[in-house]
>>> print(open('data-v7.txt').read())   # compact mmCIF, C-alpha atoms
# COMPACT_ATOMS: atom_id res chain seq x y z
CA MET A 1298 173.62 117.07 145.71
CA LEU A 1299 170.22 118.24 146.89
CA VAL A 1300 167.52 115.64 146.19
CA SER A 1301 163.82 116.33 146.64
CA TRP A 1302 161.17 113.63 146.32
CA LEU A 1303 157.83 114.25 144.60
CA THR A 1304 155.72 111.16 145.32
CA ASP A 1305 152.20 110.36 144.17
CA ARG A 1306 151.08 107.54 146.42
CA LEU A 1307 148.29 105.32 145.18
CA ARG A 1308 146.33 102.79 147.17
CA PRO A 1309 147.59 99.30 146.22
CA VAL A 1310 145.26 97.35 143.97
CA SER A 1311 147.46 94.35 143.26
CA GLY A 1312 147.18 90.88 144.78
CA LEU A 1313 148.69 89.73 148.04
CA LEU A 1314 152.19 89.27 146.66
CA GLY A 1315 151.96 92.05 144.08
CA ARG A 1316 153.49 95.48 144.52
CA PRO A 1317 151.72 98.79 145.08
CA ARG A 1318 151.95 101.18 142.15
CA MET A 1319 153.81 104.38 142.83
CA ALA A 1320 155.10 106.97 140.41
CA LEU A 1321 158.26 108.63 141.60
CA ILE A 1322 160.15 111.57 140.18
CA VAL A 1323 163.48 112.56 141.62
CA THR A 1324 164.67 116.04 140.93
CA ALA A 1325 168.35 116.67 141.48
CA LEU A 1326 169.78 120.16 141.31
CA LEU A 1327 173.49 120.02 140.63
CA ALA A 1328 175.61 123.08 141.26
CA VAL A 1329 177.91 122.31 138.36
CA ALA A 1330 178.24 123.16 134.71
CA ALA A 1331 175.75 121.98 132.09
CA LEU A 1332 175.51 118.21 132.01
CA ALA A 1333 175.28 116.21 128.78
CA ALA A 1334 175.28 112.51 127.96
CA PRO A 1335 177.38 111.41 124.99
CA SER A 1336 174.62 111.20 122.39
CA LEU A 1337 175.56 111.42 118.73
CA GLU A 1338 171.94 111.91 117.73
CA ALA A 1339 171.79 115.08 119.81
CA TRP A 1340 173.65 116.94 117.08
CA ALA A 1341 173.67 114.61 114.07
CA GLN A 1342 170.18 115.22 112.75
CA GLN A 1343 169.24 118.78 113.64
CA GLY A 1344 167.78 120.75 110.78
CA ASP A 1345 168.53 124.22 112.12
CA ALA A 1346 171.54 125.82 113.73
CA PRO A 1347 171.57 124.89 117.43
CA LYS A 1348 170.89 127.48 120.07
CA LYS A 1349 173.82 129.45 121.37
CA PRO A 1350 175.34 128.13 124.59
CA PRO A 1351 175.44 130.83 127.25
CA GLN A 1352 178.16 133.43 126.85
CA GLN A 1353 180.13 131.45 124.32
CA ALA A 1354 179.05 132.81 120.96
CA GLN A 1355 179.39 136.54 121.41
CA GLN A 1356 181.98 138.12 119.19
CA GLN A 1357 184.57 140.51 120.47
CA LYS A 1358 184.46 143.99 119.02
CA PRO A 1359 187.17 144.60 116.45
CA PRO A 1360 189.97 146.89 117.53
CA ALA A 1361 189.64 150.56 116.74
CA LYS A 1362 190.80 151.53 113.27
CA PRO A 1363 193.99 153.59 113.05
CA PRO A 1364 193.54 157.26 112.18
CA ARG A 1365 193.29 158.10 108.51
CA GLY A 1366 196.59 158.83 107.00
CA ALA A 1367 198.50 156.78 109.52
CA PRO A 1368 201.45 155.21 107.72
CA ALA A 1369 201.35 151.47 107.25
CA LYS A 1370 204.32 149.46 108.32
CA PRO A 1371 206.47 148.69 105.32
CA GLY A 1372 206.07 145.16 104.01
CA SER A 1373 203.25 144.35 106.42
CA GLN A 1374 200.56 141.91 105.34
CA GLN A 1375 197.10 141.32 106.67
CA SER A 1376 197.31 138.54 109.25
CA THR A 1377 194.90 135.65 109.55
CA ALA A 1378 193.71 137.06 112.90
CA SER A 1379 192.85 140.49 111.48
CA LYS A 1380 191.13 138.91 108.49
CA THR A 1381 189.03 136.81 110.87
CA GLU A 1382 187.90 139.83 112.87
CA ALA A 1383 186.58 141.42 109.68
CA LEU A 1384 184.39 138.45 108.79
CA PRO A 1385 180.68 138.12 109.60
CA PRO A 1386 180.19 136.14 112.81
CA SER A 1387 179.35 132.47 112.84
CA GLN A 1388 175.92 131.43 114.06
CA ILE A 1389 177.69 129.92 117.07
CA GLY A 1390 181.26 130.58 118.13
CA ILE A 1391 183.98 132.79 116.75
CA GLY A 1392 184.32 134.18 113.26
CA THR A 1393 186.31 132.07 110.84
CA LEU A 1394 187.79 132.32 107.38
CA ALA A 1395 185.99 129.12 106.45
CA LYS A 1396 182.77 129.36 104.47
CA GLN A 1397 181.40 126.38 106.39
CA ALA A 1398 182.52 125.25 109.84
CA PHE A 1399 181.37 122.90 112.58
CA MET A 1400 183.06 122.02 115.88
CA VAL A 1401 181.65 119.63 118.45
CA ASP A 1402 182.71 118.00 121.70
CA PRO A 1403 181.32 114.52 120.94
CA GLN A 1404 181.61 113.32 124.53
CA THR A 1405 179.03 115.88 125.68
CA SER A 1406 177.24 116.57 122.37
CA THR A 1407 178.09 120.26 122.77
CA VAL A 1408 178.34 122.29 119.55
CA LEU A 1409 181.05 124.94 119.95
CA LEU A 1410 181.18 126.35 116.41
CA PHE A 1411 178.50 126.49 113.73
CA LYS A 1412 178.82 128.41 110.49
CA ASP A 1413 176.50 127.35 107.68
CA ALA A 1414 177.21 123.79 108.78
CA ASP A 1415 174.07 122.41 107.12
CA LYS A 1416 174.63 124.19 103.81
CA PRO A 1417 175.53 121.81 100.92
CA MET A 1418 179.21 121.86 99.99
CA HIS A 1419 181.58 119.86 97.82
CA PRO A 1420 183.17 117.07 99.89
CA SER A 1421 186.42 116.91 97.86
CA SER A 1422 188.84 114.34 99.31
CA MET A 1423 187.01 114.38 102.64
CA ALA A 1424 184.61 111.98 100.88
CA LYS A 1425 187.36 109.38 101.23
CA MET A 1426 186.42 109.19 104.91
CA MET A 1427 183.27 107.32 103.91
CA THR A 1428 185.19 104.93 101.65
CA ILE A 1429 187.56 104.28 104.53
CA TYR A 1430 184.67 103.84 106.99
CA ILE A 1431 183.20 101.10 104.80
CA VAL A 1432 186.58 99.37 104.59
CA PHE A 1433 186.90 99.50 108.39
CA GLU A 1434 183.39 98.07 108.68
CA GLU A 1435 184.29 95.18 106.39
CA LEU A 1436 187.45 94.48 108.40
CA ALA A 1437 185.62 94.58 111.74
CA ALA A 1438 182.96 92.18 110.42
CA GLY A 1439 185.62 89.72 109.25
CA ARG A 1440 184.55 89.95 105.61
CA LEU A 1441 187.90 91.52 104.71
CA LYS A 1442 191.45 91.15 105.99
CA LEU A 1443 194.33 93.60 106.00
CA ASP A 1444 196.33 91.25 103.77
CA SER A 1445 193.47 90.77 101.31
CA LYS A 1446 194.43 92.01 97.85
CA PHE A 1447 192.59 93.78 95.04
CA ARG A 1448 193.71 94.07 91.41
CA VAL A 1449 194.39 97.50 89.87
CA SER A 1450 192.21 98.28 86.85
CA GLU A 1451 193.02 100.67 84.03
CA ARG A 1452 190.44 103.09 85.37
CA ALA A 1453 192.14 103.12 88.77
CA ARG A 1454 195.63 103.51 87.29
CA ASN A 1455 194.51 106.46 85.15
CA MET A 1456 192.93 108.50 87.97
CA GLY A 1457 194.20 112.07 88.18
CA GLY A 1458 194.81 114.32 91.16
CA SER A 1459 196.55 113.00 94.25
CA ARG A 1460 197.72 109.45 93.72
CA MET A 1461 199.23 106.43 95.42
CA PHE A 1462 200.84 105.43 92.09
CA VAL A 1463 199.53 101.88 91.87
CA GLU A 1464 200.56 99.92 88.79
CA LEU A 1465 198.17 98.50 86.22
CA GLY A 1466 197.41 94.82 86.82
CA SER A 1467 199.20 94.68 90.16
CA GLU A 1468 197.55 93.36 93.31
CA VAL A 1469 197.63 95.68 96.33
CA SER A 1470 196.85 94.73 99.91
CA VAL A 1471 193.94 96.32 101.75
CA GLU A 1472 196.32 97.72 104.38
CA ASP A 1473 198.42 99.44 101.72
CA LEU A 1474 195.26 100.83 100.12
CA ILE A 1475 194.12 102.20 103.49
CA LYS A 1476 197.42 104.02 103.90
CA GLY A 1477 197.22 105.14 100.29
CA MET A 1478 193.81 106.70 100.83
CA ILE A 1479 194.58 108.29 104.22
CA VAL A 1480 198.22 109.35 104.06
CA LEU A 1481 198.61 109.89 100.32
CA SER A 1482 194.97 110.83 99.58
CA GLY A 1483 195.21 108.49 96.60
CA ASN A 1484 192.29 108.72 94.20
CA ASP A 1485 193.60 105.60 92.48
CA ALA A 1486 193.54 103.67 95.76
CA CYS A 1487 189.88 104.62 96.26
CA VAL A 1488 188.90 103.23 92.87
CA VAL A 1489 190.74 99.97 93.57
CA ILE A 1490 188.79 99.59 96.82
CA ALA A 1491 185.45 100.55 95.24
CA GLU A 1492 185.83 98.07 92.38
CA GLY A 1493 187.14 95.38 94.69
CA LEU A 1494 184.20 95.63 97.09
CA SER A 1495 181.30 96.48 94.77
CA GLY A 1496 182.41 95.64 91.23
CA THR A 1497 182.03 99.19 89.93
CA GLU A 1498 182.68 102.59 91.45
CA GLU A 1499 179.11 103.62 90.69
CA SER A 1500 177.72 100.76 92.77
CA PHE A 1501 180.12 101.57 95.58
CA ALA A 1502 179.00 105.22 95.55
CA GLU A 1503 175.42 104.07 96.04
CA ARG A 1504 176.60 102.05 99.01
CA MET A 1505 178.36 105.14 100.39
CA THR A 1506 175.14 107.17 100.21
CA LYS A 1507 173.14 104.38 101.83
CA LYS A 1508 175.65 104.17 104.68
CA ALA A 1509 175.49 107.95 105.07
CA ARG A 1510 171.74 107.72 105.67
CA GLU A 1511 172.27 104.96 108.23
CA LEU A 1512 174.71 107.20 110.12
CA GLY A 1513 172.31 110.15 110.09
CA MET A 1514 174.18 112.10 107.40
CA VAL A 1515 171.01 113.46 105.84
CA GLY A 1516 172.74 116.09 103.69
CA SER A 1517 175.24 113.84 101.93
CA THR A 1518 175.10 112.18 98.51
CA PHE A 1519 178.16 110.51 97.01
CA LYS A 1520 178.82 109.92 93.32
CA ASN A 1521 182.28 108.36 93.55
CA SER A 1522 184.71 106.92 96.08
CA SER A 1523 187.33 109.68 96.09
CA GLY A 1524 185.42 112.97 96.16
CA TRP A 1525 186.45 113.76 92.59
CA PRO A 1526 184.17 116.60 91.36
CA ALA A 1527 180.85 115.21 90.13
CA GLU A 1528 177.40 116.62 89.53
CA GLY A 1529 175.04 115.96 92.44
CA GLN A 1530 177.77 115.10 94.93
CA TRP A 1531 177.26 117.01 98.18
CA THR A 1532 177.87 116.87 101.89
CA THR A 1533 177.73 119.25 104.87
CA ALA A 1534 180.20 120.18 107.58
CA ARG A 1535 177.91 118.67 110.22
CA ASP A 1536 177.64 115.40 108.28
CA LEU A 1537 181.41 115.07 108.02
CA ALA A 1538 181.72 115.64 111.77
CA VAL A 1539 179.23 112.81 112.33
CA LEU A 1540 181.28 110.57 110.05
CA ALA A 1541 184.50 111.53 111.83
CA TRP A 1542 183.09 110.66 115.25
CA ARG A 1543 181.59 107.39 114.09
CA THR A 1544 184.94 106.41 112.61
CA ILE A 1545 186.74 107.17 115.87
CA ASP A 1546 184.11 105.57 118.10
CA ASP A 1547 183.24 102.54 115.97
CA PHE A 1548 186.72 101.49 114.88
CA PRO A 1549 189.36 102.48 117.46
CA GLN A 1550 191.49 99.52 116.34
CA TYR A 1551 191.83 100.97 112.83
CA TYR A 1552 191.63 104.71 113.49
CA LYS A 1553 195.39 104.73 114.14
CA TYR A 1554 196.06 104.89 110.39
CA TYR A 1555 194.82 108.48 110.35
CA SER A 1556 197.75 109.61 112.50
CA GLU A 1557 200.55 108.48 110.15
CA THR A 1558 202.50 111.52 108.99
CA ASN A 1559 204.14 110.05 105.86
CA TRP A 1560 204.37 106.83 103.88
CA THR A 1561 206.36 105.40 101.02
CA TYR A 1562 204.84 103.31 98.26
CA ASN A 1563 206.40 102.28 94.94
CA ASN A 1564 209.61 104.04 96.09
CA ILE A 1565 207.75 107.37 96.34
CA LYS A 1566 207.59 109.00 99.77
CA GLN A 1567 204.76 111.43 100.41
CA ASP A 1568 203.73 113.44 103.47
CA ASN A 1569 200.26 113.44 104.95
CA ARG A 1570 198.53 116.66 103.89
CA ASN A 1571 197.07 117.01 107.38
CA ARG A 1572 199.62 119.49 108.72
CA LEU A 1573 197.95 119.57 112.14
CA LEU A 1574 199.51 116.17 112.84
CA ARG A 1575 202.84 117.97 113.01
CA THR A 1576 201.84 121.39 114.35
CA THR A 1577 198.86 121.09 116.70
CA ALA A 1578 199.13 119.11 119.93
CA GLY A 1579 196.90 116.06 120.25
CA THR A 1580 195.85 115.88 116.59
CA ASP A 1581 195.35 112.26 115.48
CA GLY A 1582 193.29 112.58 112.25
CA LEU A 1583 191.42 112.88 109.86
CA LYS A 1584 191.36 114.16 106.23
CA THR A 1585 192.04 117.22 104.09
CA GLY A 1586 190.42 118.03 100.76
CA HIS A 1587 190.46 120.50 97.88
CA THR A 1588 188.52 121.20 94.72
CA GLU A 1589 188.33 124.34 92.61
CA GLU A 1590 184.61 124.60 93.32
CA GLY A 1591 184.74 123.99 97.07
CA GLY A 1592 188.10 125.42 98.05
CA TYR A 1593 190.35 123.95 100.74
CA GLY A 1594 188.77 122.00 103.56
CA GLN A 1595 189.61 119.68 106.41
CA ALA A 1596 188.02 117.35 108.93
CA ALA A 1597 190.26 117.23 112.00
CA SER A 1598 190.21 115.70 115.43
CA ALA A 1599 192.44 116.22 118.45
CA ILE A 1600 192.47 114.86 121.99
CA ARG A 1601 194.07 116.44 125.06
CA ASP A 1602 193.88 115.09 128.59
CA GLY A 1603 191.07 112.76 127.55
CA ARG A 1604 188.97 115.49 125.94
CA ARG A 1605 188.33 115.22 122.20
CA LEU A 1606 187.21 117.88 119.74
CA ILE A 1607 186.11 117.35 116.15
CA LEU A 1608 186.34 120.22 113.66
CA VAL A 1609 185.26 120.47 110.03
CA VAL A 1610 186.04 123.53 107.89
CA ASN A 1611 185.73 124.20 104.19
CA GLY A 1612 185.96 126.93 101.58
CA MET A 1613 189.39 128.41 102.30
CA THR A 1614 191.73 129.77 99.68
CA SER A 1615 195.02 127.93 100.17
CA MET A 1616 196.74 125.05 101.95
CA ALA A 1617 198.54 127.50 104.23
CA GLU A 1618 195.32 129.30 105.16
CA ARG A 1619 193.63 125.97 105.83
CA ALA A 1620 196.43 124.82 108.12
CA GLN A 1621 196.61 128.11 110.04
CA GLU A 1622 192.87 128.55 110.42
CA THR A 1623 192.19 124.96 111.44
CA SER A 1624 194.91 125.13 114.07
CA ARG A 1625 193.65 128.49 115.35
CA VAL A 1626 190.09 127.30 115.74
CA MET A 1627 191.15 124.02 117.35
CA GLU A 1628 193.27 125.90 119.91
CA TRP A 1629 190.30 128.18 120.60
CA GLY A 1630 188.08 125.20 121.31
CA PHE A 1631 190.48 123.71 123.84
CA ARG A 1632 191.32 127.07 125.44
CA GLU A 1633 187.87 128.62 125.77
CA PHE A 1634 185.92 125.54 126.90
CA THR A 1635 186.52 122.91 129.55
CA ASN A 1636 184.89 119.63 130.54
CA THR A 1637 183.96 118.68 134.09
CA THR A 1638 183.17 115.14 135.14
CA VAL A 1639 179.91 115.15 137.08
CA PHE A 1640 179.29 111.42 137.28
CA ARG A 1641 181.92 108.75 136.88
CA ALA A 1642 180.82 105.42 135.43
CA GLY A 1643 179.03 103.59 138.23
CA ASP A 1644 178.21 106.68 140.31
CA ALA A 1645 174.76 106.65 141.93
CA VAL A 1646 172.29 109.33 140.91
CA VAL A 1647 169.59 108.32 143.40
CA ASP A 1648 168.59 105.47 145.73
CA ALA A 1649 165.31 103.97 144.57
CA PRO A 1650 162.90 102.15 146.93
CA VAL A 1651 162.52 98.40 146.44
CA TRP A 1652 159.32 96.38 146.87
CA LEU A 1653 159.60 92.98 148.58
CA GLY A 1654 163.39 92.89 148.41
CA THR A 1655 165.97 91.89 150.98
CA GLN A 1656 167.09 95.53 150.85
CA ASP A 1657 164.79 98.54 151.04
CA LYS A 1658 166.69 100.55 148.41
CA VAL A 1659 168.89 100.07 145.38
CA PRO A 1660 171.25 102.68 143.90
CA LEU A 1661 170.48 103.76 140.34
CA VAL A 1662 173.79 104.44 138.62
CA VAL A 1663 175.02 105.86 135.32
CA PRO A 1664 176.72 103.18 133.20
CA ARG A 1665 179.23 105.59 131.68
CA MET A 1666 181.01 108.78 132.55
CA VAL A 1667 178.88 111.91 132.29
CA GLN A 1668 180.65 115.17 131.59
CA VAL A 1669 179.87 118.84 131.16
CA THR A 1670 181.18 121.31 128.58
CA ALA A 1671 181.07 124.98 129.51
CA PRO A 1672 183.03 128.15 128.75
CA THR A 1673 186.21 128.25 130.80
CA GLY A 1674 185.55 129.77 134.22
CA GLN A 1675 181.77 129.71 133.87
CA ALA A 1676 179.53 127.71 136.19
CA VAL A 1677 175.84 127.01 135.62
CA SER A 1678 173.26 124.88 137.41
CA PRO A 1679 171.57 122.22 135.29
CA ARG A 1680 168.40 120.41 136.32
CA VAL A 1681 168.49 116.62 136.35
CA VAL A 1682 165.30 114.57 136.69
CA ALA A 1683 165.54 110.83 137.37
CA ARG A 1684 162.46 108.85 136.33
CA PHE A 1685 161.58 105.29 137.26
CA ASP A 1686 158.44 103.31 138.02
CA GLY A 1687 158.73 102.55 141.71
CA PRO A 1688 158.96 101.04 144.12
CA LEU A 1689 161.03 98.65 142.01
CA PRO A 1690 159.98 95.01 142.38
CA ALA A 1691 162.54 92.47 143.56
CA PRO A 1692 164.43 90.52 142.45
CA ILE A 1693 166.70 93.11 140.85
CA VAL A 1694 169.78 92.18 138.84
CA LYS A 1695 172.79 94.47 138.85
CA GLY A 1696 173.08 96.27 135.50
CA ALA A 1697 169.39 96.04 134.66
CA LYS A 1698 168.05 99.21 133.04
CA LEU A 1699 165.46 100.59 135.45
CA GLY A 1700 164.96 104.22 134.47
CA THR A 1701 166.29 107.32 132.80
CA ALA A 1702 167.72 110.63 133.85
CA ALA A 1703 166.71 113.68 131.80
CA LEU A 1704 168.85 116.78 131.99
CA THR A 1705 168.08 120.23 130.76
CA LEU A 1706 171.06 122.10 129.32
CA PRO A 1707 171.53 125.89 129.40
CA ASP A 1708 170.70 126.12 125.69
CA GLY A 1709 167.33 124.45 126.31
CA ARG A 1710 168.16 120.98 125.01
CA VAL A 1711 166.99 118.00 127.03
CA ILE A 1712 169.13 114.86 126.87
CA GLU A 1713 168.33 111.52 128.46
CA TYR A 1714 170.71 108.81 129.58
CA PRO A 1715 169.95 105.39 131.12
CA LEU A 1716 169.99 104.48 134.79
CA GLU A 1717 170.96 100.97 135.83
CA ALA A 1718 170.74 98.97 139.05
CA GLY A 1719 173.97 99.35 140.96
CA ALA A 1720 173.54 96.15 142.99
CA ASP A 1721 171.70 92.84 143.13
CA VAL A 1722 168.63 92.79 145.37
CA PRO A 1723 167.18 89.28 145.97
CA ARG A 1724 163.50 88.81 146.67
CA LYS A 1725 162.35 88.20 150.24
CA GLY A 1726 161.13 84.76 151.25
CA VAL A 1727 157.43 83.94 151.50
CA PHE A 1728 157.20 84.93 155.18
CA GLY A 1729 159.01 88.20 154.56
CA ARG A 1730 156.77 89.06 151.60
CA VAL A 1731 153.59 88.33 153.56
CA THR A 1732 154.84 90.44 156.48
CA ALA A 1733 155.69 93.32 154.15
CA MET A 1734 152.27 93.21 152.50
CA ILE A 1735 150.43 93.18 155.83
CA SER A 1736 152.56 96.05 157.10
CA HIS A 1737 151.90 98.05 153.96
CA TYR A 1738 148.13 97.52 154.00
CA LEU A 1739 147.91 98.42 157.68
CA PHE A 1740 150.32 101.31 157.86
CA GLY A 1741 151.55 102.13 154.35
CA TRP A 1742 149.18 104.98 153.46
CA TRP A 1743 149.51 106.55 156.94
CA SER A 1744 153.30 106.84 156.73
>>> encode(input="data-v7.txt", output="structure tokens")
Amino acid sequence: MLVSWLTDRLRPVSGLLGRPRMALIVTALLAVAALAAPSLEAWAQQGDAPKKPPQQAQQQKPPAKPPRGAPAKPGSQQSTASKTEALPPSQIGIGTLAKQAFMVDPQTSTVLLFKDADKPMHPSSMAKMMTIYIVFEELAAGRLKLDSKFRVSERARNMGGSRMFVELGSEVSVEDLIKGMIVLSGNDACVVIAEGLSGTEESFAERMTKKARELGMVGSTFKNSSGWPAEGQWTTARDLAVLAWRTIDDFPQYYKYYSETNWTYNNIKQDNRNRLLRTTAGTDGLKTGHTEEGGYGQAASAIRDGRRLILVVNGMTSMAERAQETSRVMEWGFREFTNTTVFRAGDAVVDAPVWLGTQDKVPLVVPRMVQVTAPTGQAVSPRVVARFDGPLPAPIVKGAKLGTAALTLPDGRVIEYPLEAGADVPRKGVFGRVTAMISHYLFGWWS
């Protein structure tokens, strides 16, 4: 790494044992792919489609049409691939059969696919992800236990659509209701949870919308716990991706329920409608959905070799098309883009000067792994600027936040991540401090 120092030295104006003021900017030019800190806010609350990453959003030209009059193969049908090529391009990424689509690498905040991802759409059963998020939150806070039980009301028992088949008046454990909502997509299970936690489903829906705002889901309003069609109930593909990532990141101890492929309740065995769990490597969640108004949709996540992608699609015409298209786009995301680790957790970005310490310098390190997402085979050179107010006064405690590093991505975004002290630096004794001050006043501005 090439490091250049731009230093504005000021004559010290502090007292005898004070420190001189010096503003330091460290500019590091890294010959690697575009660097990005894992910041959810980087893509959770953007009002417009993000800028296109370099060389990743251009569409391939469709193949030449066969000559007129050329005989068609008997019994041939238009494939998903050929249908995709005929569609208008997405704002970012490849064309897709979905009316709305959003794919992100949450570890680097890199948006790989964007197609009308901020346009309002019907959430259908993907709304259950918010109901489940709130249940996970209650469990993590200790206000609810997996063996807690809620009574089934007549309203819950009479819910239509996909069902868990709970019985009127019975008491069902929270764990069974979680499986009922995730694996069986049970609308009845959602109502049992909503009434158990908030008294009425209407009150619970208000809580869902409030939680959406807290998570940065600015385009989502919920009217019920299951996603059953209702006037004024909307979400966006981007919002559902935010919810998916927060579920994965906030509740890893409970996220495992999303990967169950089938479950039996009340002697009725049902398969998880998320076909990617069985067909696409690394898939471990999340939720499918369907309404007549919104079509077939899915929020999906997969992880391979430590790299996770989150994909949300909606507006397709059948379960089969949804499964094929979601798998195709997920494979594209893993195939066409790669992540490179630039800094491991604890790696030093720069050595910062220390004032009146037993050591002259202290390493400033990144507290977490920093990775890059770029098109496969493509290398770019990001610009990283480390900022801190130096020299840093001793004593310094390892882990103390002492600055930030701002990086400029190829698409123009600037993302900051914290820099921490990589070591303890005790303060010099009285004699050492006096000697350092005298030396600085006599020779400091001539050096």
>>> atom_distance(input="data-v7.txt", atom1="CA of Ala1691 (chain A)", atom2="CA of Gly1654 (chain A)")
4.9 Å
>>> closest_residue(input="data-v7.txt", among="A:Thr1623, A:Thr1588, A:Ser1598, A:Ser1678", to="Ile1545 (chain A)", atoms="only C-alpha atoms")
A:Ser1598
>>> atom_distance(input="data-v7.txt", atom1="CA of Ile1475 (chain A)", atom2="CA of Tyr1554 (chain A)")
7.7 Å
>>> atom_distance(input="data-v7.txt", atom1="CA of Gly1603 (chain A)", atom2="CA of Gly1579 (chain A)")
9.9 Å
>>> closest_residue(input="data-v7.txt", among="A:Lys1412, A:Arg1504, A:Lys1396, A:Arg1570", to="Tyr1555 (chain A)", atoms="all atoms listed in the file")
A:Arg1570
>>> residues_around(input="data-v7.txt", residues="Leu1661 (chain A)", least_positions_apart="6", cutoff="7 Å", atoms="only C-alpha atoms", output="NGL selection string")
:A and (1645-1649 or 1716-1719)
>>> residues_around(input="data-v7.txt", residues="Met1456 (chain A)", least_positions_apart="3", cutoff="10 Å", atoms="all atoms listed in the file", output="compact mmCIF listing (two decimals) with C-alpha atoms, in the coordinates of the input")
# COMPACT_ATOMS: atom_id res chain seq x y z
CA GLU A 1451 193.02 100.67 84.03
CA ARG A 1452 190.44 103.09 85.37
CA ALA A 1453 192.14 103.12 88.77
CA SER A 1459 196.55 113.00 94.25
CA ARG A 1460 197.72 109.45 93.72
CA MET A 1461 199.23 106.43 95.42
CA PHE A 1462 200.84 105.43 92.09
CA GLY A 1483 195.21 108.49 96.60
CA ASN A 1484 192.29 108.72 94.20
CA ASP A 1485 193.60 105.60 92.48
CA ALA A 1486 193.54 103.67 95.76
CA CYS A 1487 189.88 104.62 96.26
CA VAL A 1488 188.90 103.23 92.87
CA SER A 1523 187.33 109.68 96.09
CA TRP A 1525 186.45 113.76 92.59
>>> residues_near_point(input="data-v7.txt", point="(182.7, 112.6, 111.6)", cutoff="10 Å", atoms="all atoms listed in the file", output="ChimeraX atom specification")
/A:1341,1401,1403,1426-1427,1512,1514,1534-1546,1583,1596-1598,1607-1609
>>> residues_around(input="data-v7.txt", residues="Gly1529 (chain A)", least_positions_apart="6", cutoff="12 Å", atoms="all atoms listed in the file", output="VMD selection string")
chain A and resid 1417 to 1420 1502 1506 1516 to 1521
>>> closest_residue(input="data-v7.txt", among="A:Asp1402, A:Glu1472, A:Asp1721, A:Glu1492", to="Phe1631 (chain A)", atoms="all atoms listed in the file")
A:Asp1402
>>> build_atoms(input="data-v7.txt", residues="region 1682-1693 of chain A", atoms="N, CA and C atoms", output="PDB file, keeping the file's coordinate frame")
ATOM      1  N   VAL A1682     166.483 115.267 136.201  1.00  0.00           N
ATOM      2  CA  VAL A1682     165.300 114.570 136.690  1.00  0.00           C
ATOM      3  C   VAL A1682     165.461 113.079 136.421  1.00  0.00           C
ATOM      4  N   ALA A1683     165.470 112.289 137.501  1.00  0.00           N
ATOM      5  CA  ALA A1683     165.540 110.830 137.370  1.00  0.00           C
ATOM      6  C   ALA A1683     164.137 110.254 137.405  1.00  0.00           C
ATOM      7  N   ARG A1684     163.803 109.420 136.428  1.00  0.00           N
ATOM      8  CA  ARG A1684     162.460 108.850 136.330  1.00  0.00           C
ATOM      9  C   ARG A1684     162.534 107.327 136.375  1.00  0.00           C
ATOM     10  N   PHE A1685     161.711 106.736 137.208  1.00  0.00           N
ATOM     11  CA  PHE A1685     161.580 105.290 137.260  1.00  0.00           C
ATOM     12  C   PHE A1685     160.227 104.943 137.839  1.00  0.00           C
ATOM     13  N   ASP A1686     159.746 103.754 137.554  1.00  0.00           N
ATOM     14  CA  ASP A1686     158.440 103.310 138.020  1.00  0.00           C
ATOM     15  C   ASP A1686     158.656 102.532 139.310  1.00  0.00           C
ATOM     16  N   GLY A1687     158.384 103.168 140.443  1.00  0.00           N
ATOM     17  CA  GLY A1687     158.730 102.550 141.710  1.00  0.00           C
ATOM     18  C   GLY A1687     157.552 102.446 142.647  1.00  0.00           C
ATOM     19  N   PRO A1688     157.728 101.725 143.754  1.00  0.00           N
ATOM     20  CA  PRO A1688     158.960 101.040 144.120  1.00  0.00           C
ATOM     21  C   PRO A1688     159.286  99.909 143.143  1.00  0.00           C
ATOM     22  N   LEU A1689     160.571  99.637 142.980  1.00  0.00           N
ATOM     23  CA  LEU A1689     161.030  98.650 142.010  1.00  0.00           C
ATOM     24  C   LEU A1689     160.856  97.251 142.590  1.00  0.00           C
ATOM     25  N   PRO A1690     160.233  96.343 141.856  1.00  0.00           N
ATOM     26  CA  PRO A1690     159.980  95.010 142.380  1.00  0.00           C
ATOM     27  C   PRO A1690     161.223  94.133 142.392  1.00  0.00           C
ATOM     28  N   ALA A1691     161.461  93.460 143.483  1.00  0.00           N
ATOM     29  CA  ALA A1691     162.540  92.470 143.560  1.00  0.00           C
ATOM     30  C   ALA A1691     162.073  91.172 142.877  1.00  0.00           C
ATOM     31  N   PRO A1692     162.977  90.337 142.364  1.00  0.00           N
ATOM     32  CA  PRO A1692     164.430  90.520 142.450  1.00  0.00           C
ATOM     33  C   PRO A1692     164.938  91.509 141.405  1.00  0.00           C
ATOM     34  N   ILE A1693     166.061  92.150 141.733  1.00  0.00           N
ATOM     35  CA  ILE A1693     166.700  93.110 140.850  1.00  0.00           C
ATOM     36  C   ILE A1693     168.111  92.624 140.542  1.00  0.00           C
TER      37      ILE A1693
END
